[in-house]
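*Asks:* Structure: work31.tsv, TSV, C-alpha atoms and all ligand atoms.
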chain	number	residue	atom	x	y	z
R	1	MET	CA	28.13	7.54	-26.53
R	2	CYS	CA	28.55	8.33	-22.83
R	3	THR	CA	31.90	9.55	-21.51
R	4	THR	CA	33.65	7.58	-18.77
R	5	THR	CA	32.63	10.20	-16.22
R	6	GLU	CA	29.02	9.91	-17.29
R	7	LYS	CA	29.13	6.12	-17.02
R	8	GLN	CA	30.65	6.43	-13.57
R	9	LYS	CA	27.90	8.79	-12.53
R	10	MET	CA	25.31	6.23	-13.63
R	11	ASN	CA	26.80	2.89	-12.67
R	12	LEU	CA	29.84	2.75	-10.46
R	13	LEU	CA	28.34	3.68	-7.15
R	14	PRO	CA	28.46	2.02	-3.75
R	15	ILE	CA	25.66	-0.17	-2.42
R	16	LEU	CA	24.33	1.79	0.54
R	17	ASP	CA	20.72	0.79	1.14
R	18	VAL	CA	18.19	-2.05	0.83
R	19	GLU	CA	14.62	-2.28	-0.41
R	20	THR	CA	12.15	-5.16	-0.27
R	21	GLN	CA	10.65	-6.68	-3.43
R	22	ASN	CA	8.36	-9.71	-3.14
R	23	ASN	CA	9.52	-10.13	0.49
R	24	ILE	CA	13.18	-10.38	-0.53
R	25	GLN	CA	15.56	-7.69	0.69
R	26	GLN	CA	17.60	-6.41	-2.21
R	27	PRO	CA	20.65	-4.17	-2.07
R	28	ILE	CA	20.09	-0.93	-3.95
R	29	GLN	CA	22.52	1.67	-5.12
R	30	VAL	CA	22.17	5.18	-3.79
R	31	ARG	CA	22.61	7.22	-6.92
R	32	PRO	CA	23.64	10.84	-7.34
R	33	GLN	CA	20.96	13.48	-7.64
R	34	LEU	CA	20.94	15.07	-11.07
R	35	PRO	CA	19.26	18.37	-12.00
R	36	ALA	CA	16.27	18.57	-14.35
R	37	VAL	CA	14.11	21.43	-15.65
R	38	VAL	CA	10.40	21.29	-16.44
R	39	ALA	CA	10.28	21.75	-20.21
R	40	ALA	CA	6.53	21.18	-20.74
R	41	ARG	CA	3.35	20.62	-18.78
R	42	GLU	CA	0.19	18.87	-19.98
R	43	GLN	CA	-3.02	18.31	-18.01
R	44	LEU	CA	-3.97	14.74	-18.99
R	45	SER	CA	-7.15	14.64	-16.92
R	46	THR	CA	-8.51	16.40	-13.84
R	47	ALA	CA	-6.06	14.61	-11.57
R	48	ARG	CA	-3.23	13.63	-13.92
R	49	ILE	CA	-0.44	15.89	-15.10
R	50	ARG	CA	2.37	15.05	-17.50
R	51	LEU	CA	5.62	16.93	-16.94
R	52	THR	CA	8.45	16.77	-19.47
R	53	PHE	CA	11.93	17.12	-17.96
R	54	SER	CA	15.03	18.28	-19.82
R	55	GLY	CA	18.65	19.24	-19.15
R	56	ASN	CA	22.15	17.99	-19.97
R	57	ASP	CA	22.03	15.27	-17.31
R	58	VAL	CA	18.57	14.18	-18.46
R	59	ALA	CA	19.84	13.83	-22.04
R	60	THR	CA	22.69	11.58	-20.82
R	61	PHE	CA	20.51	9.65	-18.38
R	62	ILE	CA	17.93	8.56	-20.97
R	63	ARG	CA	20.64	6.86	-23.01
R	64	ASN	CA	21.22	4.48	-20.08
R	65	GLU	CA	19.67	1.13	-21.14
R	66	ALA	CA	18.39	0.49	-17.62
R	67	ALA	CA	16.30	3.67	-17.80
R	68	GLN	CA	14.52	2.28	-20.85
R	69	SER	CA	13.48	-1.08	-19.34
R	70	PRO	CA	9.67	-1.35	-18.96
R	71	GLY	CA	8.43	0.16	-15.69
R	72	SER	CA	11.77	1.63	-14.67
R	73	TRP	CA	11.50	4.56	-12.29
R	74	VAL	CA	13.32	7.43	-10.65
R	75	LYS	CA	13.25	9.23	-7.34
R	76	LEU	CA	12.18	12.84	-7.76
R	77	PHE	CA	13.31	15.20	-5.00
R	78	VAL	CA	10.84	17.94	-4.09
R	79	PRO	CA	10.35	20.34	-1.17
R	80	SER	CA	7.89	19.31	1.53
R	81	SER	CA	5.65	21.80	3.36
R	82	ASN	CA	8.35	22.37	6.02
R	83	GLY	CA	11.00	23.05	3.37
R	84	GLU	CA	12.76	19.69	3.75
R	85	ILE	CA	13.67	17.99	0.45
R	86	VAL	CA	12.04	14.57	0.12
R	87	GLY	CA	12.31	11.84	-2.54
R	88	ARG	CA	9.33	10.10	-4.15
R	89	ALA	CA	9.21	7.30	-6.75
R	90	TYR	CA	7.86	8.00	-10.26
R	91	THR	CA	7.79	5.88	-13.40
R	92	LEU	CA	9.55	6.99	-16.56
R	93	ARG	CA	6.63	7.25	-18.97
R	94	LYS	CA	8.30	8.34	-22.24
R	95	PHE	CA	11.65	9.38	-23.67
R	96	ASP	CA	12.56	11.66	-26.53
R	97	LEU	CA	16.15	10.83	-27.40
R	98	GLY	CA	16.26	13.61	-30.02
R	99	LYS	CA	15.16	16.35	-27.61
R	100	GLY	CA	16.87	14.74	-24.60
R	101	THR	CA	13.76	14.64	-22.42
R	102	PHE	CA	11.74	12.22	-20.32
R	103	ASP	CA	8.09	12.44	-19.26
R	104	VAL	CA	6.54	11.60	-15.91
R	105	ASP	CA	2.77	11.31	-15.39
R	106	PHE	CA	1.71	12.40	-11.90
R	107	PHE	CA	-1.54	11.37	-10.25
R	108	THR	CA	-2.23	14.42	-8.11
R	109	HIS	CA	-3.97	13.08	-5.02
R	110	LYS	CA	-4.81	15.60	-2.30
R	111	ASN	CA	-2.00	15.11	0.17
R	112	GLY	CA	1.71	14.76	-0.46
R	113	PRO	CA	4.69	16.95	-1.38
R	114	ALA	CA	5.27	15.29	-4.76
R	115	SER	CA	1.62	15.58	-5.71
R	116	SER	CA	1.52	19.25	-4.62
R	117	TRP	CA	4.77	20.04	-6.40
R	118	ALA	CA	3.47	18.58	-9.66
R	119	ASN	CA	0.18	20.44	-9.29
R	120	SER	CA	1.89	23.80	-9.20
R	121	ALA	CA	4.94	23.03	-11.38
R	122	GLN	CA	5.47	25.39	-14.31
R	123	VAL	CA	7.81	25.35	-17.29
R	124	GLY	CA	11.26	26.44	-16.03
R	125	ASP	CA	10.88	24.97	-12.52
R	126	THR	CA	13.70	22.68	-11.41
R	127	LEU	CA	14.19	19.60	-9.25
R	128	THR	CA	16.74	16.82	-8.86
R	129	PHE	CA	16.21	13.15	-9.66
R	130	ALA	CA	18.11	9.91	-9.10
R	131	GLY	CA	17.93	6.53	-10.77
R	132	PRO	CA	17.12	4.53	-12.73
R	133	ARG	CA	15.58	1.73	-10.68
R	134	ASP	CA	14.17	-1.48	-12.10
R	135	GLY	CA	10.39	-1.73	-12.53
R	136	GLY	CA	10.33	-5.41	-11.61
R	137	PHE	CA	8.75	-6.62	-14.84
R	138	SER	CA	10.15	-9.08	-17.33
R	139	LEU	CA	8.05	-11.31	-19.51
R	140	ASP	CA	8.66	-14.99	-18.90
R	141	PRO	CA	9.06	-16.48	-22.41
R	142	ILE	CA	6.87	-19.44	-21.47
R	143	SER	CA	3.96	-17.27	-20.29
R	144	GLU	CA	0.80	-17.96	-22.28
R	145	TRP	CA	-1.08	-14.99	-20.82
R	146	LEU	CA	-0.42	-11.88	-18.75
R	147	ALA	CA	-2.51	-9.88	-16.30
R	148	LEU	CA	-1.61	-6.30	-15.35
R	149	ILE	CA	-3.43	-4.85	-12.35
R	150	GLY	CA	-3.12	-1.40	-10.78
R	151	ASP	CA	-4.51	2.08	-10.16
R	152	GLU	CA	-3.81	5.64	-11.38
R	153	THR	CA	-0.26	5.54	-10.02
R	154	CYS	CA	0.50	2.53	-12.24
R	155	LEU	CA	-0.92	3.85	-15.53
R	156	SER	CA	2.55	4.78	-16.78
R	157	ALA	CA	4.09	1.43	-15.85
R	158	ILE	CA	1.18	-0.47	-17.40
R	159	GLN	CA	1.34	1.54	-20.63
R	160	VAL	CA	5.10	1.08	-20.96
R	161	ILE	CA	4.84	-2.66	-20.24
R	162	LEU	CA	1.99	-3.02	-22.78
R	163	SER	CA	3.96	-1.25	-25.48
R	164	ASN	CA	6.83	-3.70	-25.06
R	165	LEU	CA	4.81	-6.93	-25.29
R	166	PRO	CA	4.59	-9.32	-28.25
R	167	SER	CA	1.31	-8.34	-29.90
R	168	ALA	CA	-0.17	-11.85	-29.91
R	169	LEU	CA	0.07	-12.28	-26.14
R	170	PRO	CA	-3.43	-12.51	-24.63
R	171	GLY	CA	-4.27	-11.12	-21.24
R	172	ILE	CA	-6.24	-8.78	-19.05
R	173	VAL	CA	-5.64	-5.27	-17.75
R	174	LEU	CA	-7.59	-4.16	-14.67
R	175	ILE	CA	-7.22	-0.56	-13.51
R	176	GLU	CA	-9.01	0.94	-10.51
R	177	VAL	CA	-9.63	4.69	-10.85
R	178	ASP	CA	-11.89	7.41	-9.45
R	179	ASP	CA	-13.41	8.23	-12.82
R	180	PRO	CA	-13.02	5.74	-15.70
R	181	ASP	CA	-14.25	8.29	-18.29
R	182	GLU	CA	-11.20	10.46	-17.66
R	183	HIS	CA	-8.69	7.94	-18.89
R	184	LYS	CA	-9.88	7.10	-22.38
R	185	PRO	CA	-8.48	6.61	-24.95
R	186	PHE	CA	-5.95	4.09	-23.66
R	187	PHE	CA	-4.38	1.79	-26.22
R	188	VAL	CA	-4.40	-1.96	-25.61
R	189	ASP	CA	-3.73	-4.63	-28.19
R	190	GLN	CA	-6.86	-6.51	-29.30
R	191	ASN	CA	-5.74	-9.65	-27.44
R	192	MET	CA	-5.70	-7.73	-24.16
R	193	LYS	CA	-9.01	-7.17	-22.41
R	194	LEU	CA	-9.07	-3.82	-20.60
R	195	GLN	CA	-11.43	-3.13	-17.70
R	196	TRP	CA	-11.64	0.23	-15.95
R	197	ILE	CA	-12.93	-0.33	-12.44
R	198	LYS	CA	-14.58	2.54	-10.62
R	199	ARG	CA	-13.19	3.08	-7.14
R	200	THR	CA	-15.75	2.53	-4.43
R	201	HIS	CA	-15.11	3.44	-0.87
R	202	SER	CA	-15.54	-0.09	0.30
R	203	PRO	CA	-12.86	-1.26	2.72
R	204	LEU	CA	-9.68	-2.69	1.31
R	205	GLY	CA	-9.35	-6.43	1.32
R	206	ALA	CA	-12.10	-8.87	0.47
R	207	ASP	CA	-14.54	-6.13	-0.64
R	208	GLY	CA	-12.14	-4.19	-2.90
R	209	PRO	CA	-13.54	-3.44	-6.37
R	210	ILE	CA	-10.66	-5.13	-8.19
R	211	LEU	CA	-11.19	-8.30	-6.17
R	212	LYS	CA	-14.88	-8.21	-7.05
R	213	SER	CA	-14.00	-7.90	-10.76
R	214	LEU	CA	-11.42	-10.68	-10.55
R	215	ASP	CA	-14.04	-12.90	-8.94
R	216	ASN	CA	-16.20	-12.45	-12.08
R	217	ILE	CA	-13.40	-13.22	-14.53
R	218	THR	CA	-12.61	-16.75	-15.64
R	219	ARG	CA	-8.94	-17.46	-15.05
R	220	PRO	CA	-7.21	-17.72	-18.44
R	221	GLN	CA	-6.04	-21.22	-19.35
R	222	GLY	CA	-2.40	-22.24	-19.33
R	223	ARG	CA	0.67	-20.83	-17.65
R	224	GLY	CA	0.24	-17.17	-16.78
R	225	GLN	CA	1.99	-14.24	-15.22
R	226	VAL	CA	0.59	-11.34	-13.17
R	227	TRP	CA	2.06	-7.90	-12.39
R	228	VAL	CA	0.19	-6.02	-9.70
R	229	ALA	CA	0.98	-2.66	-8.15
R	230	GLY	CA	-0.88	0.18	-6.40
R	231	GLU	CA	-2.06	0.65	-2.83
R	232	SER	CA	-0.09	-1.75	-0.65
R	233	ASN	CA	-3.00	-3.40	1.21
R	234	SER	CA	-4.91	-3.88	-2.05
R	235	VAL	CA	-1.83	-5.38	-3.71
R	236	LYS	CA	-1.47	-7.90	-0.88
R	237	ALA	CA	-5.17	-8.81	-0.97
R	238	ILE	CA	-5.06	-9.30	-4.76
R	239	SER	CA	-1.95	-11.48	-4.51
R	240	THR	CA	-3.62	-13.66	-1.85
R	241	PHE	CA	-6.75	-13.94	-4.02
R	242	LEU	CA	-4.71	-15.00	-7.06
R	243	GLN	CA	-2.92	-17.67	-5.08
R	244	GLU	CA	-6.03	-18.99	-3.35
R	245	LYS	CA	-8.68	-18.70	-6.06
R	246	TRP	CA	-6.70	-18.77	-9.30
R	247	LYS	CA	-4.19	-21.25	-7.85
R	248	LEU	CA	-1.23	-19.26	-9.15
R	249	ASP	CA	2.11	-19.89	-7.51
R	250	LYS	CA	3.90	-16.95	-5.85
R	251	GLU	CA	6.64	-16.96	-8.50
R	252	SER	CA	4.18	-16.03	-11.25
R	253	ILE	CA	2.87	-13.00	-9.34
R	254	ARG	CA	5.05	-9.88	-9.22
R	255	THR	CA	3.83	-7.34	-6.66
R	256	LYS	CA	4.85	-3.82	-5.70
R	257	GLY	CA	3.14	-1.51	-3.20
R	258	TYR	CA	3.35	1.92	-4.88
R	259	TRP	CA	1.77	3.74	-1.92
R	260	LYS	CA	0.00	2.94	1.32
R	261	LYS	CA	-3.13	4.57	2.65
R	262	GLY	CA	-2.21	6.90	5.55
R	263	VAL	CA	1.57	6.47	5.15
R	264	ALA	CA	3.79	9.22	3.71
R	265	HIS	CA	6.79	8.10	1.64
R	266	PHE	CA	5.75	4.46	1.79
R	267	ARG	CA	8.45	1.98	0.72
R	268	SER	CA	7.43	-1.64	0.20
U	301	LIG	C1	8.13	2.20	-8.33
U	301	LIG	C2	7.05	3.26	-8.18
U	301	LIG	C3	6.62	3.97	-9.29
U	301	LIG	C4	5.61	4.93	-9.15
U	301	LIG	N1	5.20	5.62	-10.26
U	301	LIG	C5	4.25	6.58	-10.14
U	301	LIG	C6	3.85	7.35	-11.28
U	301	LIG	O1	4.38	7.21	-12.39
U	301	LIG	N2	2.87	8.27	-11.11
U	301	LIG	C7	2.27	8.48	-9.87
U	301	LIG	O2	1.36	9.33	-9.77
U	301	LIG	N3	2.66	7.79	-8.77
U	301	LIG	C8	3.64	6.85	-8.88
U	301	LIG	N4	4.03	6.15	-7.78
U	301	LIG	C9	3.34	6.41	-6.50
U	301	LIG	C10	3.91	7.62	-5.77
U	301	LIG	O3	5.29	7.46	-5.52
U	301	LIG	C11	3.16	7.75	-4.41
U	301	LIG	O4	1.80	8.00	-4.63
U	301	LIG	C12	3.78	8.77	-3.49
U	301	LIG	O5	3.30	8.52	-2.20
U	301	LIG	C13	3.43	10.20	-3.86
U	301	LIG	O6	4.18	11.04	-3.01
U	301	LIG	P1	3.53	12.29	-2.28
U	301	LIG	O7	4.65	13.11	-1.76
U	301	LIG	O8	2.52	12.94	-3.18
U	301	LIG	O9	2.72	11.63	-1.05
U	301	LIG	P2	3.32	11.04	0.33
U	301	LIG	O10	4.00	12.09	1.10
U	301	LIG	O11	4.10	9.81	0.03
U	301	LIG	O12	1.98	10.61	1.08
U	301	LIG	C14	1.17	11.60	1.75
U	301	LIG	C15	-0.22	11.00	1.96
U	301	LIG	O13	-0.84	10.81	0.68
U	301	LIG	C16	-1.31	9.47	0.57
U	301	LIG	N5	-1.14	9.03	-0.84
U	301	LIG	C17	0.02	8.74	-1.50
U	301	LIG	N6	-0.24	8.36	-2.77
U	301	LIG	C18	-1.60	8.40	-2.89
U	301	LIG	C19	-2.49	8.10	-3.97
U	301	LIG	N7	-2.06	7.70	-5.16
U	301	LIG	N8	-3.83	8.25	-3.76
U	301	LIG	C20	-4.30	8.67	-2.56
U	301	LIG	N9	-3.51	8.97	-1.49
U	301	LIG	C21	-2.16	8.84	-1.67
U	301	LIG	C22	-0.44	8.66	1.54
U	301	LIG	O14	-1.15	7.50	1.96
U	301	LIG	C23	-0.21	9.64	2.66
U	301	LIG	O15	-1.30	9.62	3.56
U	301	LIG	C24	5.03	5.20	-7.88
U	301	LIG	C25	5.49	4.48	-6.76
U	301	LIG	C26	6.49	3.53	-6.90
U	301	LIG	C27	6.99	2.78	-5.69
Can the structure in the file be given as structure tokens, please?
*Replies:*
Amino acid sequence: MCTTTEKQKMNLLPILDVETQNNIQQPIQVRPQLPAVVAAREQLSTARIRLTFSGNDVATFIRNEAAQSPGSWVKLFVPSSNGEIVGRAYTLRKFDLGKGTFDVDFFTHKNGPASSWANSAQVGDTLTFAGPRDGGFSLDPISEWLALIGDETCLSAIQVILSNLPSALPGIVLIEVDDPDEHKPFFVDQNMKLQWIKRTHSPLGADGPILKSLDNITRPQGRGQVWVAGESNSVKAISTFLQEKWKLDKESIRTKGYWKKGVAHFRS
């Protein structure tokens, strides 16, 4: 059980900022920064690193129900190259309630402070984090199928969402990555069809590799739901495609730009 002070730390905070989700401005709470220590490091593939975070505040934080909702995320605060502390969004991949830890899987692209920090992080290093924030996914009980679409930055969210679905739900999972061989094995239920899509350097938009794959897939029958995240321009192009070609209404497509080419600290 959390103490009153702990609950206050997590919930009773002023609304101080806004963010945009699906074109709707939403008030968000600015939450306190809590300390965490790197307790373990695992190289998942050439460009993906799993860091396990621990500490007294982490142990309390993971008991917050909101932290455990599929796709929920935190801001991690890391030093930038000029020494300034900057916040970046990362999905909560796993919890260990017994050990009081959570895991974050970092895709270490070449450029940013969070990616660089994760690349060099060692057991014992510290940072602060704030959250949790909602991942924007909830399964509509009348959905007859689900599509999950993303890139390396969304692997955690997709895996957490998949592990919380009713097993009979059919659907498709499309993930664009640099090297599909790096990411196997990746568990999906037998009703879900998983496609790894190799990143090409074709321009974003109509030529994007995910759009090409979608064009070759027959739209599942019945009422469906799509969650799509990743590079912001790609996300927009995929959403437009789904509305125009698959005739899905906007309400059944949940989108989130996780990053934007050429933009540091992108917020959608
Ligand atoms: C809700 C949410 C959850 C997220 N969860 C995860 C997660 O679990 N794991 C994860 O790895 N990422 C995740 N991301 C994406 C991550 O926050 C961004 O990639 C972020 O930009 C990384 O910060 P940075 O300091 O490394 O780079 P920034 O300083 O933000 O950007 C510096 C430069 O790097 C480029 N860049 C940023 N991301 C990428 C990328 N993926 N590939 C190529 N170039 C890039 C930018 O365009 C910019 O030019 C999530 C984002 C959101 C919004």
*Asks:* Please measure the separation of CA of Gly124 (chain R) and CA of Ser54 (chain R), giving the value in Å to one decimal.
*Replies:*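 Between CA of Gly124 (chain R) and CA of Ser54 (chain R) the gap works out to 9.8 Å.
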*Asks:* At a cut-off of 7 Å, using all atoms listed in the file, what residues contact region 158-168 of chain R? Leave out same-chain residues fewer than 5 positions from it and give the result as a list of chain:residue names.
*Replies:* R:Pro70, R:Gly71, R:Arg93, R:Leu148, R:Asp189, R:Asn191
*Asks:* Residues near Thr91 (chain R), anyone? I mean within 8 Å using all atoms listed in the file, not counting same-chain ones fewer than 4 positions away, as a list of chain:residue names.
*Replies:*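 In the requested format, the answer is R:Gly71, R:Ser72, R:Trp73, R:Val74, R:Val104, R:Asp105, R:Ser156, R:Ala157.
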*Asks:* With all atoms listed in the file as the counted atoms, please give the residues lying no more than 9 Å from Ser252 (chain R), apart from itself and same-chain residues fewer than 5 positions off, as a list in words.
*Replies:*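 Neighbouring residues, sequence-local ones excluded: Asp140, Arg223, Gly224, Gln225, Val226 and Trp227 of chain R.
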*Asks:* Could you write out the selected residues, including C-alpha atoms, as a short mmCIF file (atom, residue, chain, number, x, y, z; two decimals), in the coordinates of the input?
*Replies:*
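Result went into part_26.cif, see below:
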data_model
loop_
_atom_site.label_atom_id
_atom_site.label_comp_id
_atom_site.auth_asym_id
_atom_site.auth_seq_id
_atom_site.Cartn_x
_atom_site.Cartn_y
_atom_site.Cartn_z
CA ASP R 140 8.66 -14.99 -18.90
CA ARG R 223 0.67 -20.83 -17.65
CA GLY R 224 0.24 -17.17 -16.78
CA GLN R 225 1.99 -14.24 -15.22
CA VAL R 226 0.59 -11.34 -13.17
CA TRP R 227 2.06 -7.90 -12.39
#
*Asks:* Could you jot down the CA of Ala264 (chain R) to atom O9 of ligand LIG 301 (chain U) separation for me, Å, one decimal place?
*Replies:*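 Here the two named atoms are 5.4 Å from each other.
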*Asks:* Would you tabulate, counting all atoms listed in the file, all residues of chain R that have an atom at most 6 Å from an atom of ligand LIG 301 (chain U), showing the closest pair of atoms and their distance in Å to one decimal, sorted by chain then ascending number, as CSV?
*Replies:*
residue,atom,partner,partner_atom,distance
R:Trp73,CA,U:LIG301,C1,5.7
R:Arg88,CA,U:LIG301,O3,5.0
R:Ala89,CA,U:LIG301,O3,4.1
R:Tyr90,CA,U:LIG301,N1,3.6
R:Thr91,CA,U:LIG301,O1,3.8
R:Asp105,CA,U:LIG301,N2,5.3
R:Phe106,CA,U:LIG301,O2,3.8
R:Phe107,CA,U:LIG301,O2,3.6
R:His109,CA,U:LIG301,N8,5.0
R:Asn111,CA,U:LIG301,O13,4.5
R:Gly112,CA,U:LIG301,O9,3.3
R:Pro113,CA,U:LIG301,O7,3.9
R:Ala114,CA,U:LIG301,O7,3.8
R:Ser115,CA,U:LIG301,O8,3.8
R:Thr153,CA,U:LIG301,C7,3.9
R:Cys154,CA,U:LIG301,C5,5.9
R:Ser156,CA,U:LIG301,O1,5.3
R:Tyr258,CA,U:LIG301,C27,3.8
R:Trp259,CA,U:LIG301,C11,4.9
R:Lys260,CA,U:LIG301,O14,4.7
R:Lys261,CA,U:LIG301,O14,3.6
R:Gly262,CA,U:LIG301,O15,3.5
R:Val263,CA,U:LIG301,O14,4.3
R:Ala264,CA,U:LIG301,O12,3.5
R:His265,CA,U:LIG301,O11,3.6
R:Phe266,CA,U:LIG301,O11,5.9
*Asks:* Between R:Leu211, R:Ala118, R:Ala130, R:Val177, which has the minimum distance to Ala67 (chain R) (counting only C-alpha atoms)?
*Replies:*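 Among the listed residues, R:Ala130 lies closest to Ala67 (chain R).
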*Asks:* To one decimal place in Å, what is the distance between CA of Gly87 (chain R) and CA of Glu152 (chain R)?
*Replies:* 19.4 Å
*Asks:* Just want the 10 Å neighbourhood of region 192-194 of chain R, counted on all atoms listed in the file, with same-chain residues fewer than 6 positions away dropped. Output as a PDB file with C-alpha atoms, in the coordinates of the input.
*Replies:*
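Result file follows (selection35.pdb):
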ATOM      1  CA  TRP R 145      -1.080 -14.990 -20.820  1.00  0.00           C
ATOM      2  CA  LEU R 146      -0.420 -11.880 -18.750  1.00  0.00           C
ATOM      3  CA  ALA R 147      -2.510  -9.880 -16.300  1.00  0.00           C
ATOM      4  CA  LEU R 148      -1.610  -6.300 -15.350  1.00  0.00           C
ATOM      5  CA  LEU R 162       1.990  -3.020 -22.780  1.00  0.00           C
ATOM      6  CA  SER R 167       1.310  -8.340 -29.900  1.00  0.00           C
ATOM      7  CA  ALA R 168      -0.170 -11.850 -29.910  1.00  0.00           C
ATOM      8  CA  LEU R 169       0.070 -12.280 -26.140  1.00  0.00           C
ATOM      9  CA  PRO R 170      -3.430 -12.510 -24.630  1.00  0.00           C
ATOM     10  CA  GLY R 171      -4.270 -11.120 -21.240  1.00  0.00           C
ATOM     11  CA  ILE R 172      -6.240  -8.780 -19.050  1.00  0.00           C
ATOM     12  CA  VAL R 173      -5.640  -5.270 -17.750  1.00  0.00           C
ATOM     13  CA  LEU R 174      -7.590  -4.160 -14.670  1.00  0.00           C
ATOM     14  CA  ILE R 175      -7.220  -0.560 -13.510  1.00  0.00           C
ATOM     15  CA  PHE R 186      -5.950   4.090 -23.660  1.00  0.00           C
TER      16      PHE R 186
END
*Asks:* Would you kindly return, as a PyMOL selection string, each protein, DNA or RNA residue with an atom no farther than 8 Å from any atom of Arg41 (chain R), considering all atoms listed in the file and excluding same-chain residues fewer than 2 positions away?
*Replies:* chain R and resi 38-39+43+49-52+121-123
*Asks:* Which of these residues is nearest to Glu42 (chain R), using only C-alpha atoms: R:Ser120, R:Gly135, R:Val188, R:Phe129?
*Replies:*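 Checking each of R:Ser120, R:Gly135, R:Val188, R:Phe129 against Glu42 (chain R), counting only C-alpha atoms, the winner is R:Ser120.
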*Asks:* As a short mmCIF file (atom, residue, chain, number, x, y, z; two decimals), keeping the file's coordinate frame, please: region 102-116 of chain R completed to N, CA and C atoms.
*Replies:*
data_model
loop_
_atom_site.label_atom_id
_atom_site.label_comp_id
_atom_site.auth_asym_id
_atom_site.auth_seq_id
_atom_site.Cartn_x
_atom_site.Cartn_y
_atom_site.Cartn_z
N PHE R 102 12.63 13.31 -20.73
CA PHE R 102 11.74 12.22 -20.32
C PHE R 102 10.47 12.80 -19.71
N ASP R 103 9.39 12.01 -19.79
CA ASP R 103 8.09 12.44 -19.26
C ASP R 103 7.75 11.63 -18.02
N VAL R 104 7.10 12.29 -17.08
CA VAL R 104 6.54 11.60 -15.91
C VAL R 104 5.08 12.01 -15.81
N ASP R 105 4.19 11.02 -15.59
CA ASP R 105 2.77 11.31 -15.39
C ASP R 105 2.46 11.23 -13.90
N PHE R 106 2.00 12.34 -13.34
CA PHE R 106 1.71 12.40 -11.90
C PHE R 106 0.21 12.26 -11.67
N PHE R 107 -0.17 11.37 -10.77
CA PHE R 107 -1.54 11.37 -10.25
C PHE R 107 -1.53 12.32 -9.06
N THR R 108 -2.29 13.41 -9.17
CA THR R 108 -2.23 14.42 -8.11
C THR R 108 -3.35 14.18 -7.10
N HIS R 109 -3.06 13.30 -6.14
CA HIS R 109 -3.97 13.08 -5.02
C HIS R 109 -3.87 14.30 -4.10
N LYS R 110 -4.66 14.34 -3.05
CA LYS R 110 -4.81 15.60 -2.30
C LYS R 110 -3.62 15.96 -1.39
N ASN R 111 -2.78 14.99 -1.04
CA ASN R 111 -2.00 15.11 0.17
C ASN R 111 -0.51 15.44 0.16
N GLY R 112 0.26 14.83 -0.71
CA GLY R 112 1.71 14.76 -0.46
C GLY R 112 2.54 15.83 -1.15
N PRO R 113 3.81 15.95 -0.77
CA PRO R 113 4.69 16.95 -1.38
C PRO R 113 4.90 16.76 -2.88
N ALA R 114 5.03 15.50 -3.33
CA ALA R 114 5.27 15.29 -4.76
C ALA R 114 4.03 15.68 -5.56
N SER R 115 2.87 15.26 -5.04
CA SER R 115 1.62 15.58 -5.71
C SER R 115 1.43 17.10 -5.77
N SER R 116 1.69 17.79 -4.66
CA SER R 116 1.52 19.25 -4.62
C SER R 116 2.51 19.94 -5.54
#
